[in-house]
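Everything on this sheet refers to the single structure shown next.
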Amino acid sequence: MSVSPRRLRVGAIALAALVIASSTACSAGGSGGNGNGGSAKTLTVNTSFVLKTLDPGRIYEATGLTAVHSLYDTLLTFKGSDVSKPIPALAESYEASADAKTFTFKLREGVKFSDGTALTADDVVFSLNRLKNVKASPAVMVSGLTVAKTDERTVVVTSATADPNIPVVLSMPSTGVVNSKVAKEHGATDAADAAKSDTAQQYLDTNSIGSGPYVLKSYDPSSQVVLEANPNYWGTKPEFSRVVLRNMDVQTQKLTMQRAGGSEIALDISGKLLEGLPDTLKTSAMQDTVYFLFLNADPAVSGVTANPKFNQALRAAIDYQGIAGLYGKGAAPGAGLVAPAYPGALPAGEESKRDVAKAKALLTEAGLTNPTVKFNYPAITYKGVDLGTVATKVQGDAAEAGIKLELTPQPLTTFLDEMRTGKMALGFTPQSLNYPVADSLINNMSPGQATALRSGWTVERADPAVVAAGKKVTETLDLAARATAMQDWQRAMNAASPYLVLASNSSTVVASGDLTGTDYTAAGWQVDLAAVGRK
């Protein structure tokens, strides 16, 4: 069975998003509060913008996903922080074939777009085909799908390969359904050449044509995005008539939340930055990010890191509890490559543990005496943690076992460029998923896949047990059994892969105490704006 081509935000991709953030984030004006002269009808959301577009067919960045989730409905969705099982949205029900290739969705009756026109199966087909054919970043999620209608209320989605995660894919904001008639009037097309012929992005950046609980009022990707309640929304009306997303650096977010009067949220305060916040604020967090080292498995790059005994020695040398402590509240020692927020994570008790004596014995077995390795990392602060602080801790831990790591901090773009060459002996990076399917890791991190090859990890250099464990995951169609197979895959990876998981860390929503429904979600949109209410 072939592996699905769907990808994850891992390593270079996760960090590349910071390039966007660093070029747009600034201190927002105003004095905090609700952003609308004290009106209880306005919800203010402070976040460091990672935003390129609000076009569902092209959306991929965090801020855009948060907004688009409230502007466009999808066939299915997730409720609150639970990403274990999609629930009905535009589709009131669906059926999956036994071979996990055909998914039949029955559309809800009475759904209208924001202009009052009825949503039809044709709109669903157009939107999904446009997403696929525009071939922007999110298109990879649907590249193997075909979509058709059987009647005005029934849509059939067929996957070229068996994939029980299709319902999850169809919950993502990029699969949001647009008003196809209006979209076509403004340059949208779902034709095979849409990548060249579709010209609707400019219109969709400033106008929303969905059926979601909010409509787009204004869009300034450097300053703020304003949403207003959709008067024609088919579902439960949102409590706030207006939502203002403000571009604000994380330190200013913290200062703003410390004096927030009410109806305000911050999306980027996490880890150590949570310290010192007033007890009147409420937080919701999930461990959705994993930080790991990658050792090059190519002897031509580094004979030291390519030595399996050295790999295991470095694993044994690290103080994982101490590493987790550097991240602050919401962090935990490393266990596996799947973050605890997702099905398939390793259970509590399997976190990595330090054993310096074992590390020294393994170095002796490897025939290495005081080995020296160049250790590259991006000189940035990520989710409130200076990665240099973590790298220094790793260096000190390794030294106690007789391993010398030469710290090599690099500007982010330099680090990314060098990592892509596959010539980095030892590196350090975070990993987060762009949609809540943990087994998408196999598409990148198994031997021979894109991320693995940046570490010189070919199938020929891999333990056959690791290859077999990954194959078992892709061949398992029952989701519960697949999650168990993912745990076995991670155990095999911990035993014989070039990845060394240091810690998992949380993303956090910080909200004023008057709010409800501010659950952080690892589904991609961070917080469901329409679910936020007031006590």
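All residue names refer to the structure tokens as shown: chains lettered A, B, ... in order, residues numbered from 1 in each chain, ligands numbered from 1 in order.
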
Discussion item. Can you pull out the residues contacting segment 261-277 of chain A? Cut-off 9 Å, using only C-alpha atoms, and skip same-chain residues under 4 positions away; I want them as a ChimeraX atom specification.
Written reply: /A:32-35,38,40-48,249-251,253-257,281,285,326-331,383-385,505-515,518,520,526-527,533-534

Item to complete: Find the spatial neighbours of segment 392-403 of chain A, counting only C-alpha atoms, within a cut-off of 6 Å - ignore same-chain residues fewer than 3 positions away - and output them as a PyMOL selection string.
Response: chain A and resi 317-318+356+360+370-371+389

Restrict the selected residues to N, CA and C atoms and save them as an mmCIF file, in the first residue's frame.
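Once everything was written out, this is result_30.cif:
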```
data_model
loop_
_atom_site.group_PDB
_atom_site.id
_atom_site.type_symbol
_atom_site.label_atom_id
_atom_site.label_comp_id
_atom_site.auth_asym_id
_atom_site.auth_seq_id
_atom_site.Cartn_x
_atom_site.Cartn_y
_atom_site.Cartn_z
ATOM 1 N N ALA A 317 22.600 10.314 27.551
ATOM 2 C CA ALA A 317 23.320 11.364 28.265
ATOM 3 C C ALA A 317 22.431 12.529 28.683
ATOM 4 N N ILE A 318 21.287 12.687 28.064
ATOM 5 C CA ILE A 318 20.506 13.920 28.233
ATOM 6 C C ILE A 318 19.580 13.862 29.443
ATOM 7 N N VAL A 356 23.793 8.329 32.585
ATOM 8 C CA VAL A 356 25.129 8.745 32.147
ATOM 9 C C VAL A 356 26.085 7.564 32.073
ATOM 10 N N LYS A 360 28.297 6.432 28.749
ATOM 11 C CA LYS A 360 29.747 6.221 28.694
ATOM 12 C C LYS A 360 30.087 4.818 28.185
ATOM 13 N N ASN A 370 35.982 10.769 23.768
ATOM 14 C CA ASN A 370 35.755 12.221 23.723
ATOM 15 C C ASN A 370 35.401 12.705 22.308
ATOM 16 N N PRO A 371 34.383 12.119 21.690
ATOM 17 C CA PRO A 371 34.008 12.547 20.337
ATOM 18 C C PRO A 371 33.524 13.998 20.315
ATOM 19 N N THR A 389 19.277 28.422 24.905
ATOM 20 C CA THR A 389 19.301 27.931 26.286
ATOM 21 C C THR A 389 19.174 26.416 26.324
#
```

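Comparing A:Arg58, A:Lys106, A:Arg491, A:Lys217 by their smallest distance to Leu76 of chain A, the closest is A:Lys106 (using only C-alpha atoms).
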
Just the strand (DSSP E or B) stuff from segment 224-465 of chain A, please, per backbone DSSP, written as a short mmCIF file (atom, residue, chain, number, x, y, z; two decimals) with all heavy atoms, in the first residue's frame.
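File out-v3.cif, as written:
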```cif
data_model
loop_
_atom_site.label_atom_id
_atom_site.label_comp_id
_atom_site.auth_asym_id
_atom_site.auth_seq_id
_atom_site.Cartn_x
_atom_site.Cartn_y
_atom_site.Cartn_z
N GLN A 224 -4.53 44.43 11.47
CA GLN A 224 -5.66 43.76 12.09
C GLN A 224 -6.63 43.22 11.06
O GLN A 224 -6.69 43.69 9.92
CB GLN A 224 -6.38 44.67 13.08
CG GLN A 224 -7.17 45.80 12.47
CD GLN A 224 -7.93 46.60 13.54
OE1 GLN A 224 -7.55 46.63 14.71
NE2 GLN A 224 -9.01 47.25 13.14
N VAL A 225 -7.37 42.22 11.50
CA VAL A 225 -8.45 41.63 10.72
C VAL A 225 -9.72 41.73 11.55
O VAL A 225 -9.71 41.38 12.73
CB VAL A 225 -8.15 40.16 10.37
CG1 VAL A 225 -9.34 39.52 9.66
CG2 VAL A 225 -6.89 40.05 9.53
N VAL A 226 -10.79 42.23 10.95
CA VAL A 226 -12.04 42.42 11.68
C VAL A 226 -13.12 41.53 11.08
O VAL A 226 -13.33 41.53 9.86
CB VAL A 226 -12.49 43.89 11.65
CG1 VAL A 226 -13.80 44.07 12.42
CG2 VAL A 226 -11.41 44.79 12.24
N LEU A 227 -13.79 40.77 11.94
CA LEU A 227 -14.90 39.92 11.54
C LEU A 227 -16.18 40.44 12.19
O LEU A 227 -16.16 40.97 13.29
CB LEU A 227 -14.66 38.47 12.00
CG LEU A 227 -13.28 37.85 11.77
CD1 LEU A 227 -13.26 36.42 12.30
CD2 LEU A 227 -12.92 37.89 10.29
N GLU A 228 -17.30 40.24 11.49
CA GLU A 228 -18.60 40.59 12.04
C GLU A 228 -19.54 39.41 11.91
O GLU A 228 -19.41 38.58 11.00
CB GLU A 228 -19.19 41.82 11.34
CG GLU A 228 -18.44 43.11 11.66
CD GLU A 228 -19.14 44.35 11.13
OE1 GLU A 228 -20.07 44.20 10.30
OE2 GLU A 228 -18.75 45.46 11.53
N ALA A 229 -20.49 39.31 12.83
CA ALA A 229 -21.41 38.17 12.84
C ALA A 229 -22.19 38.09 11.54
O ALA A 229 -22.63 39.11 10.99
CB ALA A 229 -22.36 38.29 14.02
N ARG A 242 -18.73 41.10 16.94
CA ARG A 242 -17.53 41.61 16.27
C ARG A 242 -16.30 40.95 16.90
O ARG A 242 -16.21 40.82 18.12
CB ARG A 242 -17.46 43.13 16.43
CG ARG A 242 -16.39 43.84 15.61
CD ARG A 242 -16.66 45.35 15.68
NE ARG A 242 -15.74 46.11 14.86
CZ ARG A 242 -14.66 46.75 15.33
NH1 ARG A 242 -14.39 46.70 16.63
NH2 ARG A 242 -13.88 47.43 14.52
N VAL A 243 -15.35 40.54 16.05
CA VAL A 243 -14.08 39.99 16.50
C VAL A 243 -12.96 40.77 15.83
O VAL A 243 -12.96 40.95 14.61
CB VAL A 243 -13.93 38.50 16.16
CG1 VAL A 243 -12.56 37.99 16.58
CG2 VAL A 243 -15.03 37.68 16.82
N VAL A 244 -12.02 41.26 16.63
CA VAL A 244 -10.87 41.99 16.10
C VAL A 244 -9.61 41.19 16.41
O VAL A 244 -9.27 40.98 17.58
CB VAL A 244 -10.76 43.40 16.72
CG1 VAL A 244 -9.53 44.12 16.16
CG2 VAL A 244 -12.02 44.20 16.45
N LEU A 245 -8.94 40.72 15.36
CA LEU A 245 -7.65 40.05 15.52
C LEU A 245 -6.56 41.11 15.32
O LEU A 245 -6.49 41.74 14.25
CB LEU A 245 -7.47 38.92 14.51
CG LEU A 245 -8.37 37.70 14.70
CD1 LEU A 245 -9.63 37.83 13.86
CD2 LEU A 245 -7.63 36.42 14.34
N ARG A 246 -5.74 41.33 16.33
CA ARG A 246 -4.73 42.39 16.28
C ARG A 246 -3.33 41.79 16.22
O ARG A 246 -3.00 40.87 16.97
CB ARG A 246 -4.83 43.30 17.51
CG ARG A 246 -6.18 43.95 17.68
CD ARG A 246 -6.13 45.06 18.72
NE ARG A 246 -5.70 44.60 20.04
CZ ARG A 246 -5.59 45.40 21.09
NH1 ARG A 246 -5.84 46.70 20.96
NH2 ARG A 246 -5.22 44.92 22.27
N ASN A 247 -2.50 42.35 15.35
CA ASN A 247 -1.11 41.90 15.22
C ASN A 247 -0.30 42.49 16.36
O ASN A 247 -0.17 43.72 16.48
CB ASN A 247 -0.55 42.36 13.87
CG ASN A 247 0.81 41.76 13.59
OD1 ASN A 247 1.21 40.79 14.22
ND2 ASN A 247 1.50 42.33 12.62
N GLU A 264 -11.03 39.50 26.07
CA GLU A 264 -9.76 39.58 25.34
C GLU A 264 -9.02 38.24 25.44
O GLU A 264 -9.04 37.58 26.48
CB GLU A 264 -8.91 40.70 25.91
CG GLU A 264 -7.74 41.08 25.04
CD GLU A 264 -7.35 42.54 25.18
OE1 GLU A 264 -7.96 43.26 26.01
OE2 GLU A 264 -6.45 42.98 24.45
N ILE A 265 -8.34 37.90 24.34
CA ILE A 265 -7.61 36.63 24.23
C ILE A 265 -6.22 36.92 23.68
O ILE A 265 -6.04 37.81 22.85
CB ILE A 265 -8.35 35.66 23.28
CG1 ILE A 265 -9.65 35.16 23.90
CG2 ILE A 265 -7.47 34.47 22.91
CD1 ILE A 265 -10.48 34.33 22.95
N ALA A 266 -5.24 36.14 24.13
CA ALA A 266 -3.90 36.15 23.54
C ALA A 266 -3.54 34.73 23.13
O ALA A 266 -3.81 33.78 23.87
CB ALA A 266 -2.87 36.70 24.52
N LYS A 282 -7.57 33.09 32.57
CA LYS A 282 -7.71 31.64 32.44
C LYS A 282 -6.87 31.18 31.25
O LYS A 282 -6.69 31.91 30.27
CB LYS A 282 -9.18 31.26 32.27
CG LYS A 282 -9.86 31.87 31.07
CD LYS A 282 -11.37 31.79 31.14
CE LYS A 282 -11.87 30.39 31.33
NZ LYS A 282 -13.35 30.33 31.31
N THR A 283 -6.35 29.97 31.35
CA THR A 283 -5.52 29.43 30.28
C THR A 283 -6.04 28.07 29.84
O THR A 283 -6.61 27.32 30.63
CB THR A 283 -4.05 29.27 30.72
OG1 THR A 283 -3.99 28.38 31.83
CG2 THR A 283 -3.45 30.62 31.11
N SER A 284 -5.83 27.77 28.57
CA SER A 284 -6.14 26.46 28.01
C SER A 284 -4.95 26.06 27.15
O SER A 284 -4.52 26.82 26.29
CB SER A 284 -7.41 26.52 27.16
OG SER A 284 -7.61 25.30 26.47
N ALA A 285 -4.39 24.89 27.41
CA ALA A 285 -3.16 24.49 26.73
C ALA A 285 -3.21 23.03 26.32
O ALA A 285 -3.89 22.21 26.94
CB ALA A 285 -1.96 24.73 27.64
N MET A 286 -2.47 22.71 25.26
CA MET A 286 -2.29 21.34 24.83
C MET A 286 -0.87 21.17 24.33
O MET A 286 -0.34 22.03 23.62
CB MET A 286 -3.29 20.96 23.74
CG MET A 286 -4.73 21.04 24.17
SD MET A 286 -5.84 19.98 23.24
CE MET A 286 -5.24 18.36 23.49
N GLN A 287 -0.26 20.04 24.68
CA GLN A 287 1.10 19.76 24.23
C GLN A 287 1.04 19.29 22.77
O GLN A 287 0.79 18.12 22.49
CB GLN A 287 1.74 18.69 25.11
CG GLN A 287 2.05 19.17 26.51
CD GLN A 287 2.68 18.09 27.37
OE1 GLN A 287 3.15 17.07 26.86
NE2 GLN A 287 2.67 18.29 28.68
N ASP A 288 1.27 20.23 21.86
CA ASP A 288 1.15 19.92 20.44
C ASP A 288 2.45 20.12 19.67
O ASP A 288 2.48 20.02 18.45
CB ASP A 288 0.05 20.78 19.81
CG ASP A 288 0.36 22.27 19.84
OD1 ASP A 288 1.30 22.67 20.56
OD2 ASP A 288 -0.34 23.03 19.15
N THR A 289 3.54 20.42 20.38
CA THR A 289 4.82 20.66 19.72
C THR A 289 5.90 19.78 20.35
O THR A 289 5.98 19.68 21.57
CB THR A 289 5.23 22.14 19.86
OG1 THR A 289 4.20 22.97 19.33
CG2 THR A 289 6.52 22.42 19.11
N VAL A 290 6.68 19.16 19.50
CA VAL A 290 7.79 18.31 19.93
C VAL A 290 9.09 18.95 19.48
O VAL A 290 9.19 19.47 18.36
CB VAL A 290 7.65 16.89 19.35
CG1 VAL A 290 8.94 16.11 19.49
CG2 VAL A 290 6.51 16.14 20.02
N TYR A 291 10.09 18.93 20.35
CA TYR A 291 11.42 19.45 20.03
C TYR A 291 12.39 18.27 19.97
O TYR A 291 12.43 17.45 20.89
CB TYR A 291 11.87 20.44 21.10
CG TYR A 291 11.01 21.68 21.17
CD1 TYR A 291 9.75 21.63 21.76
CD2 TYR A 291 11.43 22.89 20.63
CE1 TYR A 291 8.94 22.76 21.81
CE2 TYR A 291 10.63 24.02 20.69
CZ TYR A 291 9.40 23.95 21.28
OH TYR A 291 8.58 25.06 21.33
N PHE A 292 13.15 18.19 18.90
CA PHE A 292 14.02 17.01 18.75
C PHE A 292 15.35 17.37 18.12
O PHE A 292 15.50 18.38 17.42
CB PHE A 292 13.32 15.92 17.94
CG PHE A 292 13.07 16.28 16.50
CD1 PHE A 292 13.94 15.87 15.50
CD2 PHE A 292 11.94 17.00 16.13
CE1 PHE A 292 13.70 16.18 14.16
CE2 PHE A 292 11.69 17.32 14.80
CZ PHE A 292 12.58 16.91 13.81
N LEU A 293 16.32 16.53 18.39
CA LEU A 293 17.62 16.58 17.72
C LEU A 293 17.58 15.65 16.52
O LEU A 293 16.88 14.64 16.53
CB LEU A 293 18.74 16.12 18.65
CG LEU A 293 18.89 16.83 20.00
CD1 LEU A 293 20.06 16.21 20.78
CD2 LEU A 293 19.09 18.31 19.83
N PHE A 294 18.33 15.98 15.49
CA PHE A 294 18.48 15.03 14.38
C PHE A 294 19.97 14.84 14.12
O PHE A 294 20.75 15.79 14.03
CB PHE A 294 17.75 15.50 13.13
CG PHE A 294 18.05 16.90 12.67
CD1 PHE A 294 19.04 17.14 11.72
CD2 PHE A 294 17.33 17.98 13.16
CE1 PHE A 294 19.31 18.42 11.28
CE2 PHE A 294 17.59 19.26 12.73
CZ PHE A 294 18.59 19.50 11.79
N LEU A 295 20.36 13.59 14.07
CA LEU A 295 21.75 13.20 13.86
C LEU A 295 21.90 12.67 12.43
O LEU A 295 21.06 11.90 11.96
CB LEU A 295 22.18 12.10 14.84
CG LEU A 295 22.26 12.46 16.32
CD1 LEU A 295 20.87 12.45 16.96
CD2 LEU A 295 23.18 11.49 17.05
N ALA A 332 6.85 18.78 28.99
CA ALA A 332 7.11 17.45 29.55
C ALA A 332 8.34 16.86 28.89
O ALA A 332 8.70 17.25 27.78
CB ALA A 332 5.91 16.53 29.34
N PRO A 333 9.02 15.93 29.56
CA PRO A 333 10.19 15.28 28.94
C PRO A 333 9.81 14.57 27.65
O PRO A 333 8.65 14.17 27.45
CB PRO A 333 10.63 14.27 30.01
CG PRO A 333 10.08 14.80 31.29
CD PRO A 333 8.79 15.46 30.93
N THR A 372 33.79 14.66 19.20
CA THR A 372 33.40 16.06 19.02
C THR A 372 32.47 16.18 17.82
O THR A 372 32.76 15.62 16.75
CB THR A 372 34.62 16.96 18.81
OG1 THR A 372 35.47 16.88 19.96
CG2 THR A 372 34.20 18.41 18.60
N VAL A 373 31.33 16.89 18.01
CA VAL A 373 30.36 17.05 16.93
C VAL A 373 29.91 18.51 16.89
O VAL A 373 29.64 19.12 17.92
CB VAL A 373 29.12 16.15 17.15
CG1 VAL A 373 28.07 16.39 16.06
CG2 VAL A 373 29.53 14.68 17.18
N LYS A 374 29.82 19.06 15.70
CA LYS A 374 29.28 20.41 15.50
C LYS A 374 27.77 20.36 15.67
O LYS A 374 27.09 19.54 15.05
CB LYS A 374 29.65 20.91 14.11
CG LYS A 374 29.20 22.33 13.81
CD LYS A 374 29.65 22.73 12.40
CE LYS A 374 29.16 24.12 12.04
NZ LYS A 374 29.56 24.50 10.65
N PHE A 375 27.23 21.24 16.51
CA PHE A 375 25.80 21.23 16.87
C PHE A 375 25.16 22.54 16.42
O PHE A 375 25.37 23.58 17.01
CB PHE A 375 25.68 21.05 18.39
CG PHE A 375 24.28 21.00 18.93
CD1 PHE A 375 23.18 20.71 18.13
CD2 PHE A 375 24.05 21.24 20.28
CE1 PHE A 375 21.90 20.67 18.65
CE2 PHE A 375 22.78 21.20 20.82
CZ PHE A 375 21.70 20.92 20.00
N ASN A 376 24.37 22.46 15.34
CA ASN A 376 23.70 23.65 14.78
C ASN A 376 22.30 23.82 15.36
O ASN A 376 21.59 22.85 15.58
CB ASN A 376 23.58 23.51 13.26
CG ASN A 376 24.93 23.42 12.58
OD1 ASN A 376 25.68 22.47 12.77
ND2 ASN A 376 25.23 24.39 11.74
N TYR A 377 21.92 25.08 15.55
CA TYR A 377 20.55 25.38 15.97
C TYR A 377 20.20 26.81 15.56
O TYR A 377 21.10 27.65 15.43
CB TYR A 377 20.37 25.19 17.49
CG TYR A 377 21.18 26.13 18.33
CD1 TYR A 377 20.65 27.36 18.74
CD2 TYR A 377 22.48 25.80 18.73
CE1 TYR A 377 21.41 28.23 19.52
CE2 TYR A 377 23.23 26.67 19.50
CZ TYR A 377 22.69 27.89 19.89
OH TYR A 377 23.43 28.75 20.66
N PRO A 378 18.92 27.09 15.37
CA PRO A 378 18.51 28.46 15.01
C PRO A 378 18.53 29.36 16.23
O PRO A 378 17.99 29.01 17.28
CB PRO A 378 17.09 28.27 14.47
CG PRO A 378 16.60 27.03 15.14
CD PRO A 378 17.79 26.15 15.35
N THR A 381 13.96 32.65 19.57
CA THR A 381 13.07 32.29 20.67
C THR A 381 11.79 31.74 20.05
O THR A 381 11.18 32.40 19.21
CB THR A 381 12.76 33.50 21.56
OG1 THR A 381 13.97 33.94 22.18
CG2 THR A 381 11.76 33.15 22.64
N TYR A 382 11.41 30.56 20.44
CA TYR A 382 10.25 29.88 19.87
C TYR A 382 9.29 29.49 20.99
O TYR A 382 9.68 28.79 21.92
CB TYR A 382 10.69 28.65 19.07
CG TYR A 382 9.61 27.98 18.27
CD1 TYR A 382 9.16 28.55 17.09
CD2 TYR A 382 9.04 26.78 18.69
CE1 TYR A 382 8.17 27.93 16.33
CE2 TYR A 382 8.05 26.16 17.94
CZ TYR A 382 7.62 26.74 16.77
OH TYR A 382 6.64 26.14 16.02
N VAL A 385 10.64 30.31 24.43
CA VAL A 385 11.86 29.65 24.89
C VAL A 385 13.01 29.96 23.93
O VAL A 385 12.90 29.77 22.72
CB VAL A 385 11.66 28.12 24.99
CG1 VAL A 385 12.95 27.45 25.44
CG2 VAL A 385 10.53 27.79 25.94
N ASP A 386 14.11 30.44 24.49
CA ASP A 386 15.33 30.66 23.71
C ASP A 386 15.94 29.30 23.38
O ASP A 386 16.36 28.56 24.28
CB ASP A 386 16.29 31.52 24.53
CG ASP A 386 17.64 31.71 23.85
OD1 ASP A 386 17.75 31.40 22.66
OD2 ASP A 386 18.57 32.16 24.53
N LYS A 404 31.65 16.01 23.32
CA LYS A 404 31.82 17.44 23.13
C LYS A 404 30.98 17.93 21.96
O LYS A 404 31.17 17.47 20.83
CB LYS A 404 33.29 17.79 22.87
CG LYS A 404 33.54 19.29 22.73
CD LYS A 404 35.01 19.60 22.49
CE LYS A 404 35.23 21.10 22.33
NZ LYS A 404 36.66 21.43 22.09
N LEU A 405 30.03 18.82 22.26
CA LEU A 405 29.19 19.42 21.22
C LEU A 405 29.62 20.87 21.02
O LEU A 405 29.64 21.65 21.97
CB LEU A 405 27.71 19.36 21.62
CG LEU A 405 27.14 17.97 21.88
CD1 LEU A 405 25.65 18.07 22.22
CD2 LEU A 405 27.35 17.05 20.69
N GLU A 406 29.98 21.21 19.79
CA GLU A 406 30.40 22.57 19.46
C GLU A 406 29.17 23.37 19.03
O GLU A 406 28.63 23.16 17.94
CB GLU A 406 31.44 22.55 18.35
CG GLU A 406 32.73 21.85 18.74
CD GLU A 406 33.75 21.84 17.62
OE1 GLU A 406 33.36 22.09 16.45
OE2 GLU A 406 34.94 21.58 17.90
N LEU A 407 28.69 24.24 19.91
CA LEU A 407 27.48 25.00 19.63
C LEU A 407 27.70 25.93 18.44
O LEU A 407 28.68 26.69 18.39
CB LEU A 407 27.06 25.81 20.85
CG LEU A 407 26.65 25.02 22.10
CD1 LEU A 407 26.12 25.97 23.16
CD2 LEU A 407 25.60 23.97 21.75
N THR A 408 26.75 25.88 17.49
CA THR A 408 26.83 26.70 16.30
C THR A 408 25.49 27.39 16.07
O THR A 408 24.65 26.92 15.30
CB THR A 408 27.20 25.85 15.06
OG1 THR A 408 28.36 25.06 15.36
CG2 THR A 408 27.48 26.73 13.85
N PRO A 409 25.24 28.49 16.78
CA PRO A 409 23.99 29.22 16.56
C PRO A 409 24.00 29.89 15.19
O PRO A 409 25.04 30.37 14.73
CB PRO A 409 23.99 30.26 17.69
CG PRO A 409 25.44 30.45 18.04
CD PRO A 409 26.09 29.12 17.79
N GLN A 410 22.84 29.89 14.54
CA GLN A 410 22.75 30.47 13.19
C GLN A 410 21.48 31.29 13.05
O GLN A 410 20.45 30.97 13.67
CB GLN A 410 22.73 29.35 12.14
CG GLN A 410 23.99 28.51 12.08
CD GLN A 410 23.85 27.37 11.07
OE1 GLN A 410 22.98 26.53 11.20
NE2 GLN A 410 24.72 27.35 10.08
N LEU A 426 24.56 17.55 13.28
CA LEU A 426 23.64 17.48 14.41
C LEU A 426 22.87 18.79 14.47
O LEU A 426 23.48 19.87 14.48
CB LEU A 426 24.41 17.26 15.71
CG LEU A 426 23.61 17.29 17.02
CD1 LEU A 426 22.60 16.15 17.07
CD2 LEU A 426 24.54 17.21 18.24
N GLY A 427 21.56 18.70 14.50
CA GLY A 427 20.73 19.89 14.54
C GLY A 427 19.60 19.77 15.54
O GLY A 427 19.37 18.70 16.13
N PHE A 428 18.87 20.85 15.70
CA PHE A 428 17.83 20.97 16.73
C PHE A 428 16.67 21.76 16.15
O PHE A 428 16.88 22.86 15.61
CB PHE A 428 18.43 21.66 17.95
CG PHE A 428 17.44 22.01 19.03
CD1 PHE A 428 16.38 21.19 19.36
CD2 PHE A 428 17.60 23.20 19.75
CE1 PHE A 428 15.49 21.53 20.36
CE2 PHE A 428 16.72 23.54 20.76
CZ PHE A 428 15.67 22.71 21.07
N THR A 429 15.45 21.22 16.25
CA THR A 429 14.30 21.90 15.64
C THR A 429 13.00 21.48 16.32
O THR A 429 12.92 20.39 16.89
CB THR A 429 14.23 21.58 14.14
OG1 THR A 429 13.19 22.35 13.52
CG2 THR A 429 13.93 20.11 13.89
N PRO A 430 11.98 22.34 16.27
CA PRO A 430 10.65 21.93 16.72
C PRO A 430 9.87 21.27 15.59
O PRO A 430 10.23 21.38 14.42
CB PRO A 430 10.00 23.27 17.11
CG PRO A 430 10.63 24.26 16.21
CD PRO A 430 12.03 23.77 15.95
N GLN A 431 8.80 20.62 15.97
CA GLN A 431 7.91 19.97 15.00
C GLN A 431 6.47 20.12 15.46
O GLN A 431 6.16 19.89 16.62
CB GLN A 431 8.24 18.49 14.89
CG GLN A 431 7.14 17.66 14.23
CD GLN A 431 7.28 16.22 14.62
OE1 GLN A 431 8.18 15.55 14.16
NE2 GLN A 431 6.39 15.73 15.48
N SER A 432 5.59 20.55 14.55
CA SER A 432 4.16 20.57 14.86
C SER A 432 3.40 20.16 13.62
O SER A 432 3.85 20.36 12.50
CB SER A 432 3.71 21.96 15.33
OG SER A 432 4.06 22.95 14.39
#
```

Worksheet item: Which one is closest to Thr146 of chain A: A:Asn311, A:Asn179, A:Thr102, A:Thr305? Count only C-alpha atoms.
Response: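 Using only C-alpha atoms, the shortest distance to Thr146 of chain A belongs to A:Thr102.
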
Please build the interface table for segment 34-145 of chain A against segment 456-478 of chain A with a cut-off of 12 Å, listing for each qualifying residue the nearest atom pair and the distance in Å to one decimal; count only C-alpha atoms, order rows by chain and increasing number, and write it as a Markdown table.
```
| residue | atom | partner | partner_atom | distance |
| --- | --- | --- | --- | --- |
| A:Ala96 | CA | A:Leu477 | CA | 11.1 |
| A:Ser97 | CA | A:Leu477 | CA | 10.7 |
| A:Ala98 | CA | A:Leu477 | CA | 8.6 |
| A:Asp99 | CA | A:Leu477 | CA | 7.6 |
| A:Ala100 | CA | A:Leu477 | CA | 6.9 |
| A:Lys101 | CA | A:Leu477 | CA | 10.2 |
```
